[in-house]
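Asks: If you scroll down you'll find the structure; I have some questions about it.
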Amino acid sequence: MGRYQPPDALAFPRFAGIRTFMRLPHVQNPEGVDVAILGLPFDTGATFRVGARFGPEAIRSASVLLRPYHPFLRVNLFEHLSVVDAGDAPVAPGFIEDSLRRIAEFLTPWAAAGVILIGLGGDHSVLLGELRAVAAAYGPVALVQLDSHPDTWDAYFGHRYTHGTVVRRAIEEGLILPQRSIQVGLRGPIYSPEDWEAARALGLEIVTAGEARALGMEGTARRILQRVGDHPAFLSVDIDFFDPAYAPGTGTPEVGGFASWEGLTLLRGLIGLPLVGMDVVEVLPAYDPAGITALLAANVVYEGLALLAARRRDGLPAVALLGARPEGM
């Protein structure tokens, strides 16, 4: 079977056709697929602004601008990867625990087949459903989280499942390895010092926004790679990692964030990261003038695809499924 890839933009214009990510084929069977783009349109785990249920649609629309060759990593994505858009998970608006179960059930057959998952959120609570599916295939993973918030609170208004508690729940469920996981970009006002200390107490490494700027993006990338090592990793990018000047369309904006070029530089520095999944979350089109947040989110996914393609090009081994993992991994 040939690789799944977008149509030739010189034969079929980029502004035409049904909106899938990068105009990829809409396929719902994992056979012959290396990477699947999946929409996770759930947003009632949010505690401030809502509207990220429309994020997958906006990101897909913005993605038609993307082209197959990555000039910085010098790789053609679709010479090395077979990629599809598998559509959206059947979430239940307003019912978070049911939606997380539905997301996990939707993603599990793809992860079990060794397909690398790239989720389009949705608020950050969808991460728990993703991690349930990925951990079932690979065991507990290293979480690389680019975010302005740690998402390790225990409860909001007495409820344990929100976008601000998702990482704590994932640790409690044994879905991630804290000693291999790292959160980068934390900033903004908090309720008390315990908000960040709670993440450290759970075993996570934190690199605040100020520390990341002092290290530089290349130095921060090296720190991430050192933390993860060769363990299967999941990259979760909350779009509020970026400053609201570059990503105004988000649920909980925090000033003092990163410029788009800083974030892209950081992602390009993660070449060799053993990714088994990633997501981009918290894109709210209603707060996104001119679609600049959705465009940035689409480019973040593009960088993830480029990392995967470069890993294949460089002959690095694929990450093995649970039960078939090489000794010592």
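Residues are named by chain letter and number: chains run A, B, ... in the order of the structure tokens, numbers start at 1 in each chain, and ligands are numbered from 1 in the order shown.
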Run DSSP on the backbone of this structure and report the residues of region 56-171 of chain A it assigns to alpha helix (DSSP H), as a count of residues only.
Replies: 47
Asks: Taking the DSSP secondary structure from the backbone, can you list the residues of region 141-283 of chain A that are strand (DSSP E or B), as a count of residues only?
Replies: 35
Asks: Quick one, how far is CA of Asp85 (chain A) from CA of Arg102 (chain A)?
Replies: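 Taking CA of Asp85 (chain A) as the start and CA of Arg102 (chain A) as the end point, the length is 18.1 Å.
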Asks: Choose the residue, out of A:Arg14, A:His26, A:His163, A:His149, that has the smallest atom-to-atom separation from Arg49 (chain A); count only C-alpha atoms.
Replies: A:His163
Asks: Nearest residue to Phe15 (chain A) out of A:Ile224, A:Leu215, A:Val64, A:Ala209, using only C-alpha atoms?
Replies: A:Val64
Asks: Need to verify the contact set: His70 (chain A), 12 Å, only C-alpha atoms, exclusion of same-chain residues closer than 6 positions in sequence. Can you return it as a count of residues only?
Replies: 15
Asks: Do you know which residues are at most 6 Å from Ser181 (chain A) counting only C-alpha atoms, after dropping those on the same chain fewer than 6 positions away, and could you put them as a ChimeraX atom specification?
Replies: /A:142-144,204
Asks: A:Ala16, A:Val255, A:Val281, A:Leu38: which is nearest His124 (chain A), counting only C-alpha atoms?
Replies: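 Once distances to His124 (chain A) are computed over only C-alpha atoms, the minimum belongs to A:Val281.
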Asks: Any idea what's packed within 7 Å of Gly185 (chain A), counting only C-alpha atoms, ignoring anything in its chain fewer than 3 positions away? Could you give it as a ChimeraX atom specification?
Replies: /A:146-148,207-209,212,241
Asks: Taking into account only C-alpha atoms, which residue in the set A:Arg187, A:Pro193, A:His80, A:Ala294 is nearest to Gly256 (chain A)?
Replies: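 Looking only at the distances to Gly256 (chain A), the closest residue turns out to be A:Arg187.
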Asks: Can you measure CA of Arg222 (chain A) to CA of Leu322 (chain A) for me? One decimal in Å is fine.
Replies: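 Result for CA of Arg222 (chain A) versus CA of Leu322 (chain A): 26.8 Å, one decimal.
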Asks: Could you jot down the CA of Ala245 (chain A) to CA of Arg74 (chain A) separation for me, Å, one decimal place?
Replies: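 Interatomic distance, CA of Ala245 (chain A) to CA of Arg74 (chain A): 29.2 Å.
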Asks: May I have the residues within 12 Å of Arg160 (chain A) as JSON, numbers by chain, using only C-alpha atoms and disregarding those fewer than 3 positions away in the same chain?
Replies: {"A": [45, 96, 97, 125, 151, 152, 153, 154, 155, 156, 157, 163, 164, 165, 166, 167, 168, 169, 170, 172]}
Asks: Just checking: using only C-alpha atoms, which residue out of A:Gly272, A:Thr20, A:Ala297, A:Leu177 ends up closest to Gly315 (chain A)?
Replies: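 For Gly315 (chain A), the nearest of the candidates is A:Gly272.
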Asks: I need the residue nearest Gly114 (chain A) from this list: A:Ala137, A:Gln28, A:Phe72, A:Glu262. Use only C-alpha atoms for the distance.
Replies: A:Ala137
Asks: List the neighbours of Met22 (chain A) out to 10 Å using only C-alpha atoms; skip same-chain residues closer than 6 positions along the sequence, and give me the result as a PyMOL selection string.
Replies: chain A and resi 5-7+14+37+59-68+83-85+298+302
Asks: Restricting the output to N, CA and C atoms, write the selected residues as a PDB file, in the first residue's frame.
Replies:
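As a result, result-v4.pdb now contains:
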ATOM      1  N   GLN A   5      -1.074  10.678   1.784  1.00  0.00           N
ATOM      2  CA  GLN A   5      -0.490  12.009   1.765  1.00  0.00           C
ATOM      3  C   GLN A   5      -1.470  12.977   1.107  1.00  0.00           C
ATOM      4  N   PRO A   6      -1.227  14.287   1.208  1.00  0.00           N
ATOM      5  CA  PRO A   6      -2.144  15.260   0.599  1.00  0.00           C
ATOM      6  C   PRO A   6      -2.057  15.226  -0.921  1.00  0.00           C
ATOM      7  N   PRO A   7      -3.082  15.753  -1.603  1.00  0.00           N
ATOM      8  CA  PRO A   7      -2.999  15.895  -3.056  1.00  0.00           C
ATOM      9  C   PRO A   7      -1.994  16.967  -3.446  1.00  0.00           C
ATOM     10  N   ARG A  14      -5.091  24.564  -2.920  1.00  0.00           N
ATOM     11  CA  ARG A  14      -5.144  24.347  -1.479  1.00  0.00           C
ATOM     12  C   ARG A  14      -6.426  24.852  -0.835  1.00  0.00           C
ATOM     13  N   ILE A  37      -4.277  12.075  12.510  1.00  0.00           N
ATOM     14  CA  ILE A  37      -4.745  13.328  13.097  1.00  0.00           C
ATOM     15  C   ILE A  37      -6.184  13.104  13.530  1.00  0.00           C
ATOM     16  N   ILE A  59      -8.354  24.603  13.279  1.00  0.00           N
ATOM     17  CA  ILE A  59      -6.984  24.176  12.993  1.00  0.00           C
ATOM     18  C   ILE A  59      -6.913  23.506  11.626  1.00  0.00           C
ATOM     19  N   ARG A  60      -7.883  22.684  11.325  1.00  0.00           N
ATOM     20  CA  ARG A  60      -7.907  22.037  10.010  1.00  0.00           C
ATOM     21  C   ARG A  60      -7.996  23.080   8.890  1.00  0.00           C
ATOM     22  N   SER A  61      -8.846  24.075   9.068  1.00  0.00           N
ATOM     23  CA  SER A  61      -8.983  25.101   8.026  1.00  0.00           C
ATOM     24  C   SER A  61      -7.685  25.864   7.824  1.00  0.00           C
ATOM     25  N   ALA A  62      -6.995  26.204   8.912  1.00  0.00           N
ATOM     26  CA  ALA A  62      -5.732  26.937   8.806  1.00  0.00           C
ATOM     27  C   ALA A  62      -4.635  26.083   8.187  1.00  0.00           C
ATOM     28  N   SER A  63      -4.727  24.770   8.352  1.00  0.00           N
ATOM     29  CA  SER A  63      -3.638  23.882   7.929  1.00  0.00           C
ATOM     30  C   SER A  63      -3.476  23.767   6.421  1.00  0.00           C
ATOM     31  N   VAL A  64      -4.449  24.269   5.654  1.00  0.00           N
ATOM     32  CA  VAL A  64      -4.312  24.159   4.197  1.00  0.00           C
ATOM     33  C   VAL A  64      -3.136  24.985   3.680  1.00  0.00           C
ATOM     34  N   LEU A  65      -2.639  25.913   4.496  1.00  0.00           N
ATOM     35  CA  LEU A  65      -1.485  26.725   4.100  1.00  0.00           C
ATOM     36  C   LEU A  65      -0.170  25.950   4.165  1.00  0.00           C
ATOM     37  N   LEU A  66      -0.148  24.836   4.866  1.00  0.00           N
ATOM     38  CA  LEU A  66       1.095  24.101   5.086  1.00  0.00           C
ATOM     39  C   LEU A  66       1.523  23.340   3.841  1.00  0.00           C
ATOM     40  N   ARG A  67       2.843  23.198   3.679  1.00  0.00           N
ATOM     41  CA  ARG A  67       3.411  22.500   2.528  1.00  0.00           C
ATOM     42  C   ARG A  67       4.248  21.317   3.008  1.00  0.00           C
ATOM     43  N   PRO A  68       4.540  20.352   2.164  1.00  0.00           N
ATOM     44  CA  PRO A  68       5.117  19.086   2.647  1.00  0.00           C
ATOM     45  C   PRO A  68       6.588  19.132   3.052  1.00  0.00           C
ATOM     46  N   VAL A  83       0.155   9.480   6.487  1.00  0.00           N
ATOM     47  CA  VAL A  83      -0.612  10.262   7.462  1.00  0.00           C
ATOM     48  C   VAL A  83      -2.051  10.425   6.985  1.00  0.00           C
ATOM     49  N   VAL A  84      -2.995  10.303   7.904  1.00  0.00           N
ATOM     50  CA  VAL A  84      -4.402  10.476   7.583  1.00  0.00           C
ATOM     51  C   VAL A  84      -5.059  11.386   8.609  1.00  0.00           C
ATOM     52  N   ASP A  85      -6.222  11.884   8.263  1.00  0.00           N
ATOM     53  CA  ASP A  85      -7.109  12.554   9.201  1.00  0.00           C
ATOM     54  C   ASP A  85      -8.239  11.572   9.505  1.00  0.00           C
ATOM     55  N   ALA A 298      -1.843  24.920  13.913  1.00  0.00           N
ATOM     56  CA  ALA A 298      -1.593  24.041  12.767  1.00  0.00           C
ATOM     57  C   ALA A 298      -0.100  23.889  12.525  1.00  0.00           C
ATOM     58  N   TYR A 302       2.430  20.638  12.507  1.00  0.00           N
ATOM     59  CA  TYR A 302       3.380  20.457  11.397  1.00  0.00           C
ATOM     60  C   TYR A 302       4.785  20.183  11.927  1.00  0.00           C
TER      61      TYR A 302
END
